[in-house]
Amino acid sequence: MRLSVILATAALVVAGSAAPALAATTAKGPVGWDVYRRLDRLPELPVGVQTKQFSSFDRTGDNNDGFEGKYSCLSTTSQGCVIAEHTGAGEVQAIWFTRDGGDVTRTGKITIELDGEKVVDASLQDLVNGKLGAPFAYPLVGNADQSSGGVYVEVPMPFTRSMRITTEHNPLFYHVSYRTFADAEGVSTFDPADKAQDVIDRLKAGGDPKPAIPGTRTQDAAISLAPGASVRVARTQGSGLLSGIRLKLPQAEQVLPKTEADEGRAFGANGSSEFTVKIDPANDGVRLTRRIDPAIGRQVAKVLVDGQEAAQWAPSKLGAAGMWADEVVDLPAAATKGKSQITIKNVFVSSDLDYNEFTYWVDSNGKRTDTVDVGDAAGEAAHNYKIVAQTWQGERTFAFPMDQGQLAEIRTAQEILQGLRLRISFDGRRTVDSPVGEFFGSGHAMLPVKSLMYDIDATTSTLNAWWPMPYRTGATVELYNDSDRTIEGQASVASANRPISGNVGYFRTQSRAGGTTPGKSWTFLRATGQGKFVGISHTMRGPTTRNYLEGDERVFVDGSRTPQIHGTGTEDFYQAGWYFNRETFSTPFHGNTAHLAPATGCPAGNDCTGAYRLMIGDAVPFGSSLTFDIEHGWTNDVEGVYSSTAYWYGRDQASAAQTDSLTVGDQASEQSHGYTGQGEVATLESAFEGDFRNPVTLKATHRVTQDPVTFKLKIDRGNQGVELRRTSDQSVAGQHAEVTVNGRKLPDWVQPLGNQTRRWLEDVYQIPAGLTSGQREITVRLTPKSPWSAASYTAWSLR
C-alpha cells in the first residue's frame with residue numbers, strides 16, 4: 001500500500017526564562033525540590049549516590065511480606081516501630097503503606113526525624129489524606145482512594161546527618177525508598193515550612209514539567225504507514241535535546257466499559273444477613289437477584305423466608321476481578337404467596353473466602369417490587385438490614401460487559417498500540433525501540449494516563465511524552481508499523497539546540513514481551529555501563545484470580561548479591577494495594593491504567609492489568625551494571641504473558657570498578673592488606689536475600705568482633721569517591737561501627753537490617769571524593785559499637 005509522509009518544520013520560540021546548559025552542578029544531581037523543578041537535568045548520571053529501600057519483605061524469600069507484620073519493624077523504641085534509619089547524608093523520596101484494604105488508621109502516628117528534628121509527627125492517615133497541608137498535599141501524597149488500595153508520600157526530604165522513620169504501631173506492609181550521598185555538599189535539611197506550592201501546582205496541571213527552553217522548534221508529520229513500513233518523522237543536527245513527542249492515532253479509539261460504584265458487605269463462616277422486602281401478594285413465587293463480586297468463587301448460602309428454609313444460592317461462578325455479576329435464586333410460592341412482605345435471611349454455607357452482597361432486587365408477579373441497597377445507611381434502615389460475622393465493608397467500582405462492537409474497537413486499538421513502534425536514535429545509535437502504547441503508559445487500550453513524563457488524552461487519541469533526551473551530533477525519530485493494518489495519524493517532535501556537557505546519559509528504553517518462565521523472574525532491565533533507571537510501563541495478562549500480582553520486585557546494583565530494593569508485591573510496587581482494589585487511577589508518579597476482563601477486552605479466561613511507575617527522585621543509579629526484575633506470583637509460580645518498557649539513561653562506559661579485595665580470615669589476604677583485628681574465624685554456609693527458588697549461596701570464612709579493625713585497600717588515583725562493600729553475616733541485626741578513613745572520622749557505619757534465615761548480606765559504605773581523590777590507597781579503621789561481622793571488604797573506585 002502507498003506510504004505518504006508529509007513533513008513540515010516550524011520554528012517555535014517558547015516563552016520563559018532560559019534554561020542553562022545541561023551540565024551537573026554537583027555530582028549528586030538535583031536534590032530536594034530541584035528534583036521536580038529541574039527535570040531538564042534528569043539525564044545527568046550521579047556519582048556517589050545510591051538508591052536503597054527498607055520494606056516489610058519476607059526475609060525467607062517467601063510471601064509473608066506484611067500479613068503478620070513479622071518483618072516490618074527493624075527495631076522497636078518507646079515511640080514504636082522503627083521502619084527506616086540511616087546515618088550520613090541522603091534524601092527520603094518515596095514512602096508507601098497498606099493494611100486493612102488501604103485504611104492505615106490502625107498504624108497510628110508516623111514520625112519522620114531528619115538530622116535529629118521531627119519534620120513529621122502526625123497520624124499517618126491524616127498525612128496521606130492531605131490534612132497536614134502543603135507540601136504534604138495531593139499529588140505529593142495520596143490515600144487509598146487516590147492510589148487504589150495503597151497510600152503514599154512522594155515529598156523529597158533531604159537530610160545531612162541522619163534519618164529515622166517510626167510508626168506508632170506495626171504498619172504491616174510498607175516501603176521506604178531513599179537515596180544516600182557520600183557527603184552533604186549541596187544538601188540542606190528538609191524544611192516542612194517550605195510549601196513548594198509551585199511544584200504542587202505544576203504536578204496538578206500536567207503537561208511538560210520541564211523548564212521552558214528558548215529556541216524550541218517542532219517538526220510535524222502526517223503519516224499513512226503500511227504494514228511492515230517505517231518512516232522518519234523528525235531529524236535534528238548538532239548538539240541539543242529532544243524535549244517532546246506527540247502522536248495522534250485516531251484509529252485507536254477510546255472505548256470505556258460502563259462502570260458503576262456500589263457499596264457492599266460480606267460475611268463469613270457462621271455468619272448471615274437479614275432484611276425485609278415488599279412483594280406482590282398475588283405472586284406465584286419470588287425471584288431474588290443479588291449483585292456480587294465474582295472474584296470470590298463458590299459462594300453458597302441457605303435462604304430462609306420468614307424463618308423457614310426455602311432455597312439455596314447455587315455456588316457462584318468464579319468471575320473476573322473488577323466485573324459485576326448477578327446471581328439469581330427463585331423462592332417458591334409456598335413461602336411467598338399471599339404475603340405483601342417477607343423477611344429474607346441468607347446463612348453462610350461455604351465459599352472460597354466469604355459471601356458478599358451489594359444490591360438485592362426483588363421481582364414478584366412480573367414486576368420489580370423492591371430493591372435493597374446494601375451498605376447504604378438509609379436503604380439498610382428502611383429494610384431492617386442486619387449482618388452477623390461481617391468480614392468486609394466498603395465500596396467497589398466495577399465494570400459491565402461490553403457489546404461485540406465495542407470489543408472489536410478495543411481489539412483495533414490494541415493492535416495499533418502494540419504494533420506501532422517508536423524508534424529513536426541519538427548520535428547514530430538507536431536506543432529506543434518500543435511499542436507506542438506502552439511507551440506512553442497504556443499497552444492494553446487507549447485509556448487515560450496523566451503521569452509526570454507522559455500522558456494520554458484518550459478522548460482525542462493523543463499521546464505525549466516529555467522525557468529530556470540529549471544528543472551531541474543529532475537525533476532521528478522514526479515509527480515502524482509491525483501490525484497488519486495501515487496506520488494513519490500525525491506526529492510532532494519538539495527539540496532545541498543547546499550545549500551538552502558533563503556526565504550525561506542517553507535516553508534509552510528496554511522493551512520485552514512474551515510468556516513468563518516458571519521459576520524465573522521477569523526482567524524489566526538488565527544493563528551494563530553507567531546509568532540510572534527512571535521508570536517502567538508494564539502490561540500484564542494472567543489468571544482471573546489476579547494472583548500473578550503477588551510478585552515482588554528486586555534491584556541488584558553493580559553485581560551485588562544483595563538486592564538494594566526488595567519489594568512486597570506487584571501492585572505494591574505501583575504504590576497501590578490489594579490487587580488494585582479501587583480500580584484504575586493515574587498520578588504523576590504511578591498508576592493502574594487498565595484492568596480488563598474477557599467481557600471488556602482481555603482474552604478469554606484471563607485478567608489484564610496495565611500499570612506504570614516513574615522513579616524520578618528515587619531513580620536507581622549504577623556504575624557498572626543493573627538487574628531490575630519482578631516475580632510473577634508468590635515465588636515465580638504463576639504463569640502469565642507480560643510486556644514491559646523500562647526507561648533509563650546510560651552510557652556504555654562503566655564508572656565503577658573493583659580495585660581491591662580483602663578476604664577476612666584468609667591469612668595471606670589479611671597480611672597483604674595490613675589487617676589488624678581480633679575475632680575468631682568461623683565458616684558460614686548460607687544464602688543471600690532474593691530469589692526464593694534459586695537463592696545465591698556462599699560458603700566462606702568470616703570474623704565477628706567488637707575490637708577495632710584496620711586494613712588497607714588499593715584505589716584508583718583518578719577516583720571521584722570510593723564505595724566500600726562488606727560481605728557479612730547479618731544474623732545479628734543492628735551492626736554499628738565508627739569509621740575513620742586515612743585518619744579522618746566519617747559518619748558511623750550503621751546497618752539496621754538482620755536476617756537469621758538468609759544470613760549473608762552485602763552492604764555499601766560511601767567514602768567521599770574529598771578524602772580519596774588523588775590517592776592510591778586508603779587506610780580504614782572500624783571501631784565496632786556492637787558485634788561486627790565481615791567475610792570480605794572490597795573497594796570500588798568511582799570515576
# chains A, B, ... in the order shown; residues from 1 in each chain; ligands from 1
call {"tool": "select_by_dssp", "arguments": {"residues": "range 194-381 of chain A", "states": "helix (DSSP H, G or I)", "output": "list in words"}}
result
Gln197, Asp198, Val199, Ile200, Asp201, Arg202, Leu203, Lys204, Ala205, Ala333, Ala334, Ala335, Thr336, Ala377, Ala378, Gly379, Glu380 and Ala381 of chain A
call {"tool": "closest_atom_pairs", "arguments": {"of": "range 538-640 of chain A", "to": "range 726-730 of chain A", "cutoff": "12 Å", "atoms": "only C-alpha atoms", "output": "Markdown table"}}
result
| residue | atom | partner | partner_atom | distance |
| --- | --- | --- | --- | --- |
| A:Ser560 | CA | A:Thr727 | CA | 9.7 |
| A:Arg561 | CA | A:Thr727 | CA | 9.3 |
| A:Thr562 | CA | A:Thr727 | CA | 9.5 |
call {"tool": "write_last_selection", "arguments": {"atoms": "all heavy atoms", "output": "short mmCIF file (atom, residue, chain, number, x, y, z; two decimals), in the first residue's frame"}}
result
data_model
loop_
_atom_site.label_atom_id
_atom_site.label_comp_id
_atom_site.auth_asym_id
_atom_site.auth_seq_id
_atom_site.Cartn_x
_atom_site.Cartn_y
_atom_site.Cartn_z
N SER A 560 26.19 -6.68 43.01
CA SER A 560 25.95 -7.07 44.39
C SER A 560 25.03 -8.28 44.46
O SER A 560 24.08 -8.39 43.68
CB SER A 560 25.34 -5.91 45.18
OG SER A 560 25.01 -6.31 46.49
N ARG A 561 25.30 -9.15 45.42
CA ARG A 561 24.46 -10.32 45.59
C ARG A 561 23.27 -10.05 46.51
O ARG A 561 22.40 -10.92 46.66
CB ARG A 561 25.31 -11.48 46.12
CG ARG A 561 26.31 -12.01 45.10
CD ARG A 561 27.33 -12.95 45.70
NE ARG A 561 28.30 -12.23 46.54
CZ ARG A 561 29.38 -12.80 47.05
NH1 ARG A 561 29.65 -14.08 46.81
NH2 ARG A 561 30.23 -12.09 47.81
N THR A 562 23.21 -8.90 47.12
CA THR A 562 22.07 -8.48 47.93
C THR A 562 21.29 -7.42 47.17
O THR A 562 21.89 -6.44 46.70
CB THR A 562 22.54 -7.90 49.28
OG1 THR A 562 23.14 -8.93 50.05
CG2 THR A 562 21.37 -7.31 50.05
#
call {"tool": "residues_around", "arguments": {"residues": "Gln197 in chain A", "least_positions_apart": "2", "cutoff": "12 Å", "atoms": "only C-alpha atoms", "output": "list in words"}}
result
Trp33, Tyr36, Arg37, Gly133, Ala134, Pro135, Phe136, Ala137, Tyr138, Pro139, Leu140, Pro192, Ala193, Asp194, Lys195, Val199, Ile200, Asp201, Arg202, Leu203 and Lys204 of chain A
call {"tool": "atom_distance", "arguments": {"atom1": "CA of Thr516 in chain A", "atom2": "CA of Ile630 in chain A"}}
result
10.7 Å
call {"tool": "residues_around", "arguments": {"residues": "Gln678 in chain A", "least_positions_apart": "3", "cutoff": "10 Å", "atoms": "only C-alpha atoms", "output": "ChimeraX atom specification"}}
result
/A:675,681,703-709
call {"tool": "closest_residue", "arguments": {"among": "A:Leu132, A:Val493, A:Val555, A:Leu614", "to": "Glu154 in chain A", "atoms": "only C-alpha atoms"}}
result
A:Leu614
call {"tool": "residues_around", "arguments": {"residues": "range 780-792 of chain A", "least_positions_apart": "3", "cutoff": "10 Å", "atoms": "only C-alpha atoms", "output": "VMD selection string"}}
result
chain A and resid 661 to 666 669 to 670 675 to 677 679 681 to 684 700 to 713 724 to 745 748 to 750 760 to 762 777
call {"tool": "write_last_selection", "arguments": {"atoms": "C-alpha atoms", "output": "CSV table (one decimal), in the first residue's frame"}}
result
chain,number,residue,atom,x,y,z
A,661,SER,CA,39.5,-7.0,47.8
A,662,LEU,CA,40.3,-8.3,51.3
A,663,THR,CA,39.2,-11.8,52.3
A,664,VAL,CA,38.8,-11.8,56.1
A,665,GLY,CA,40.0,-15.0,57.7
A,666,ASP,CA,42.5,-15.7,54.9
A,669,SER,CA,45.0,-11.7,52.2
A,670,GLU,CA,44.9,-10.2,55.7
A,675,TYR,CA,44.7,-6.2,58.5
A,676,THR,CA,44.6,-6.0,62.3
A,677,GLY,CA,41.7,-7.1,64.4
A,679,GLY,CA,37.6,-12.2,66.4
A,681,VAL,CA,37.4,-17.2,62.4
A,682,ALA,CA,34.2,-19.2,61.6
A,683,THR,CA,32.8,-20.7,58.4
A,684,LEU,CA,29.3,-19.9,57.3
A,700,ALA,CA,33.0,-18.6,53.4
A,701,THR,CA,35.0,-17.7,56.5
A,702,HIS,CA,34.2,-14.5,58.5
A,703,ARG,CA,35.1,-12.9,61.7
A,704,VAL,CA,32.8,-11.4,64.4
A,705,THR,CA,34.4,-8.9,66.6
A,706,GLN,CA,33.9,-5.9,68.9
A,707,ASP,CA,37.5,-4.9,68.8
A,708,PRO,CA,38.9,-2.2,66.4
A,709,VAL,CA,39.7,-3.4,62.9
A,710,THR,CA,42.1,-1.7,60.4
A,711,PHE,CA,43.1,-2.6,56.8
A,712,LYS,CA,44.3,-1.0,53.6
A,713,LEU,CA,42.8,-1.2,50.1
A,724,LEU,CA,33.5,0.1,50.4
A,725,ARG,CA,31.5,-3.1,50.1
A,726,ARG,CA,31.3,-5.5,53.0
A,727,THR,CA,30.1,-9.1,52.9
A,728,SER,CA,28.8,-10.0,56.4
A,729,ASP,CA,26.7,-12.4,58.5
A,730,GLN,CA,23.6,-10.4,59.4
A,731,SER,CA,22.1,-13.0,61.8
A,732,VAL,CA,22.7,-10.3,64.5
A,733,ALA,CA,20.8,-7.2,63.5
A,734,GLY,CA,21.8,-3.6,64.1
A,735,GLN,CA,25.5,-3.8,63.4
A,736,HIS,CA,27.3,-0.5,64.1
A,737,ALA,CA,30.8,0.8,63.8
A,738,GLU,CA,32.7,4.1,63.9
A,739,VAL,CA,34.6,4.8,60.7
A,740,THR,CA,37.9,6.6,60.0
A,741,VAL,CA,39.5,6.7,56.6
A,742,ASN,CA,43.1,8.0,56.2
A,743,GLY,CA,42.8,9.3,59.8
A,744,ARG,CA,39.6,11.3,59.2
A,745,LYS,CA,36.4,10.5,61.1
A,748,ASP,CA,29.2,5.8,61.5
A,749,TRP,CA,28.5,2.7,59.5
A,750,VAL,CA,25.1,1.7,60.8
A,760,TRP,CA,24.7,-13.3,54.0
A,761,LEU,CA,24.5,-9.5,53.3
A,762,GLU,CA,26.4,-7.2,51.0
A,777,GLU,CA,45.3,3.6,48.8
call {"tool": "residues_around", "arguments": {"residues": "range 418-421 of chain A", "least_positions_apart": "5", "cutoff": "8 Å", "atoms": "only C-alpha atoms", "output": "JSON list (two decimals) with all heavy atoms, in the first residue's frame"}}
result
[["chain", "number", "residue", "atom", "x", "y", "z"],
["A", 433, "ASP", "N", 13.33, 1.52, 21.10],
["A", 433, "ASP", "CA", 12.54, 0.73, 20.15],
["A", 433, "ASP", "C", 11.43, 0.07, 20.96],
["A", 433, "ASP", "O", 11.61, -1.01, 21.52],
["A", 433, "ASP", "CB", 13.42, -0.32, 19.46],
["A", 433, "ASP", "CG", 12.66, -1.08, 18.37],
["A", 433, "ASP", "OD1", 11.44, -0.84, 18.19],
["A", 433, "ASP", "OD2", 13.29, -1.92, 17.68],
["A", 434, "SER", "N", 10.27, 0.73, 21.03],
["A", 434, "SER", "CA", 9.23, 0.32, 21.96],
["A", 434, "SER", "C", 7.85, 0.47, 21.35],
["A", 434, "SER", "O", 7.63, 1.36, 20.52],
["A", 434, "SER", "CB", 9.29, 1.17, 23.24],
["A", 434, "SER", "OG", 10.54, 1.06, 23.87],
["A", 435, "PRO", "N", 6.90, -0.39, 21.76],
["A", 435, "PRO", "CA", 5.51, -0.21, 21.31],
["A", 435, "PRO", "C", 4.96, 1.10, 21.87],
["A", 435, "PRO", "O", 5.17, 1.43, 23.04],
["A", 435, "PRO", "CB", 4.79, -1.42, 21.90],
["A", 435, "PRO", "CG", 5.64, -1.89, 23.01],
["A", 435, "PRO", "CD", 7.05, -1.54, 22.66],
["A", 436, "VAL", "N", 4.24, 1.86, 21.04],
["A", 436, "VAL", "CA", 3.86, 3.21, 21.44],
["A", 436, "VAL", "C", 2.88, 3.22, 22.62],
["A", 436, "VAL", "O", 2.95, 4.11, 23.48],
["A", 436, "VAL", "CB", 3.28, 4.03, 20.26],
["A", 436, "VAL", "CG1", 4.32, 4.20, 19.17],
["A", 436, "VAL", "CG2", 2.00, 3.40, 19.71],
["A", 437, "GLY", "N", 1.97, 2.25, 22.68],
["A", 437, "GLY", "CA", 1.03, 2.24, 23.79],
["A", 437, "GLY", "C", 1.75, 2.14, 25.12],
["A", 437, "GLY", "O", 1.52, 2.93, 26.04],
["A", 438, "GLU", "N", 2.67, 1.20, 25.22],
["A", 438, "GLU", "CA", 3.41, 1.01, 26.46],
["A", 438, "GLU", "C", 4.34, 2.18, 26.73],
["A", 438, "GLU", "O", 4.50, 2.62, 27.89],
["A", 438, "GLU", "CB", 4.21, -0.29, 26.36],
["A", 438, "GLU", "CG", 4.57, -0.91, 27.69],
["A", 438, "GLU", "CD", 4.98, -2.35, 27.47],
["A", 438, "GLU", "OE1", 6.11, -2.58, 27.01],
["A", 438, "GLU", "OE2", 4.16, -3.24, 27.76],
["A", 443, "GLY", "N", -0.49, -0.03, 27.52],
["A", 443, "GLY", "CA", -0.28, -1.03, 26.49],
["A", 443, "GLY", "C", -1.52, -1.82, 26.13],
["A", 443, "GLY", "O", -1.56, -2.48, 25.09],
["A", 444, "HIS", "N", -2.56, -1.80, 27.00],
["A", 444, "HIS", "CA", -3.73, -2.64, 26.76],
["A", 444, "HIS", "C", -4.81, -1.98, 25.91],
["A", 444, "HIS", "O", -5.56, -2.68, 25.22],
["A", 444, "HIS", "CB", -4.36, -3.05, 28.09],
["A", 444, "HIS", "CG", -3.75, -4.26, 28.71],
["A", 444, "HIS", "ND1", -3.62, -5.46, 28.05],
["A", 444, "HIS", "CD2", -3.23, -4.46, 29.95],
["A", 444, "HIS", "CE1", -3.05, -6.35, 28.84],
["A", 444, "HIS", "NE2", -2.80, -5.78, 30.00],
["A", 479, "LEU", "N", 8.92, 5.87, 13.14],
["A", 479, "LEU", "CA", 7.82, 4.98, 13.50],
["A", 479, "LEU", "C", 7.88, 3.77, 12.59],
["A", 479, "LEU", "O", 8.11, 3.89, 11.38],
["A", 479, "LEU", "CB", 6.47, 5.68, 13.35],
["A", 479, "LEU", "CG", 6.18, 6.81, 14.33],
["A", 479, "LEU", "CD1", 4.92, 7.56, 13.91],
["A", 479, "LEU", "CD2", 6.03, 6.28, 15.75],
["A", 480, "TYR", "N", 7.67, 2.60, 13.18],
["A", 480, "TYR", "CA", 7.65, 1.35, 12.41],
["A", 480, "TYR", "C", 6.34, 0.64, 12.67],
["A", 480, "TYR", "O", 5.91, 0.48, 13.82],
["A", 480, "TYR", "CB", 8.81, 0.45, 12.82],
["A", 480, "TYR", "CG", 8.71, -0.96, 12.27],
["A", 480, "TYR", "CD1", 8.88, -1.20, 10.91],
["A", 480, "TYR", "CD2", 8.44, -2.03, 13.11],
["A", 480, "TYR", "CE1", 8.78, -2.48, 10.39],
["A", 480, "TYR", "CE2", 8.34, -3.32, 12.60],
["A", 480, "TYR", "CZ", 8.50, -3.55, 11.24],
["A", 480, "TYR", "OH", 8.38, -4.81, 10.74],
["A", 481, "ASN", "N", 5.69, 0.18, 11.59],
["A", 481, "ASN", "CA", 4.38, -0.48, 11.70],
["A", 481, "ASN", "C", 4.57, -1.99, 11.68],
["A", 481, "ASN", "O", 4.79, -2.59, 10.63],
["A", 481, "ASN", "CB", 3.47, -0.03, 10.55],
["A", 481, "ASN", "CG", 2.06, -0.60, 10.67],
["A", 481, "ASN", "OD1", 1.76, -1.34, 11.62],
["A", 481, "ASN", "ND2", 1.20, -0.25, 9.75],
["A", 482, "ASP", "N", 4.46, -2.60, 12.86],
["A", 482, "ASP", "CA", 4.59, -4.05, 12.97],
["A", 482, "ASP", "C", 3.23, -4.73, 13.04],
["A", 482, "ASP", "O", 3.14, -5.90, 13.39],
["A", 482, "ASP", "CB", 5.41, -4.40, 14.22],
["A", 482, "ASP", "CG", 5.90, -5.84, 14.23],
["A", 482, "ASP", "OD1", 6.18, -6.38, 13.14],
["A", 482, "ASP", "OD2", 5.98, -6.43, 15.32],
["A", 483, "SER", "N", 2.17, -3.98, 12.73],
["A", 483, "SER", "CA", 0.82, -4.55, 12.75],
["A", 483, "SER", "C", 0.41, -4.99, 11.35],
["A", 483, "SER", "O", 1.18, -4.85, 10.39],
["A", 483, "SER", "CB", -0.18, -3.51, 13.28],
["A", 483, "SER", "OG", -0.48, -2.56, 12.29]]
call {"tool": "closest_residue", "arguments": {"among": "A:Ala599, A:Ala333, A:Val362, A:Leu304", "to": "Phe400 in chain A", "atoms": "only C-alpha atoms"}}
result
A:Ala599
call {"tool": "closest_residue", "arguments": {"among": "A:Asp326, A:Glu689, A:Asp558, A:Asp352", "to": "Leu626 in chain A", "atoms": "only C-alpha atoms"}}
result
A:Asp558
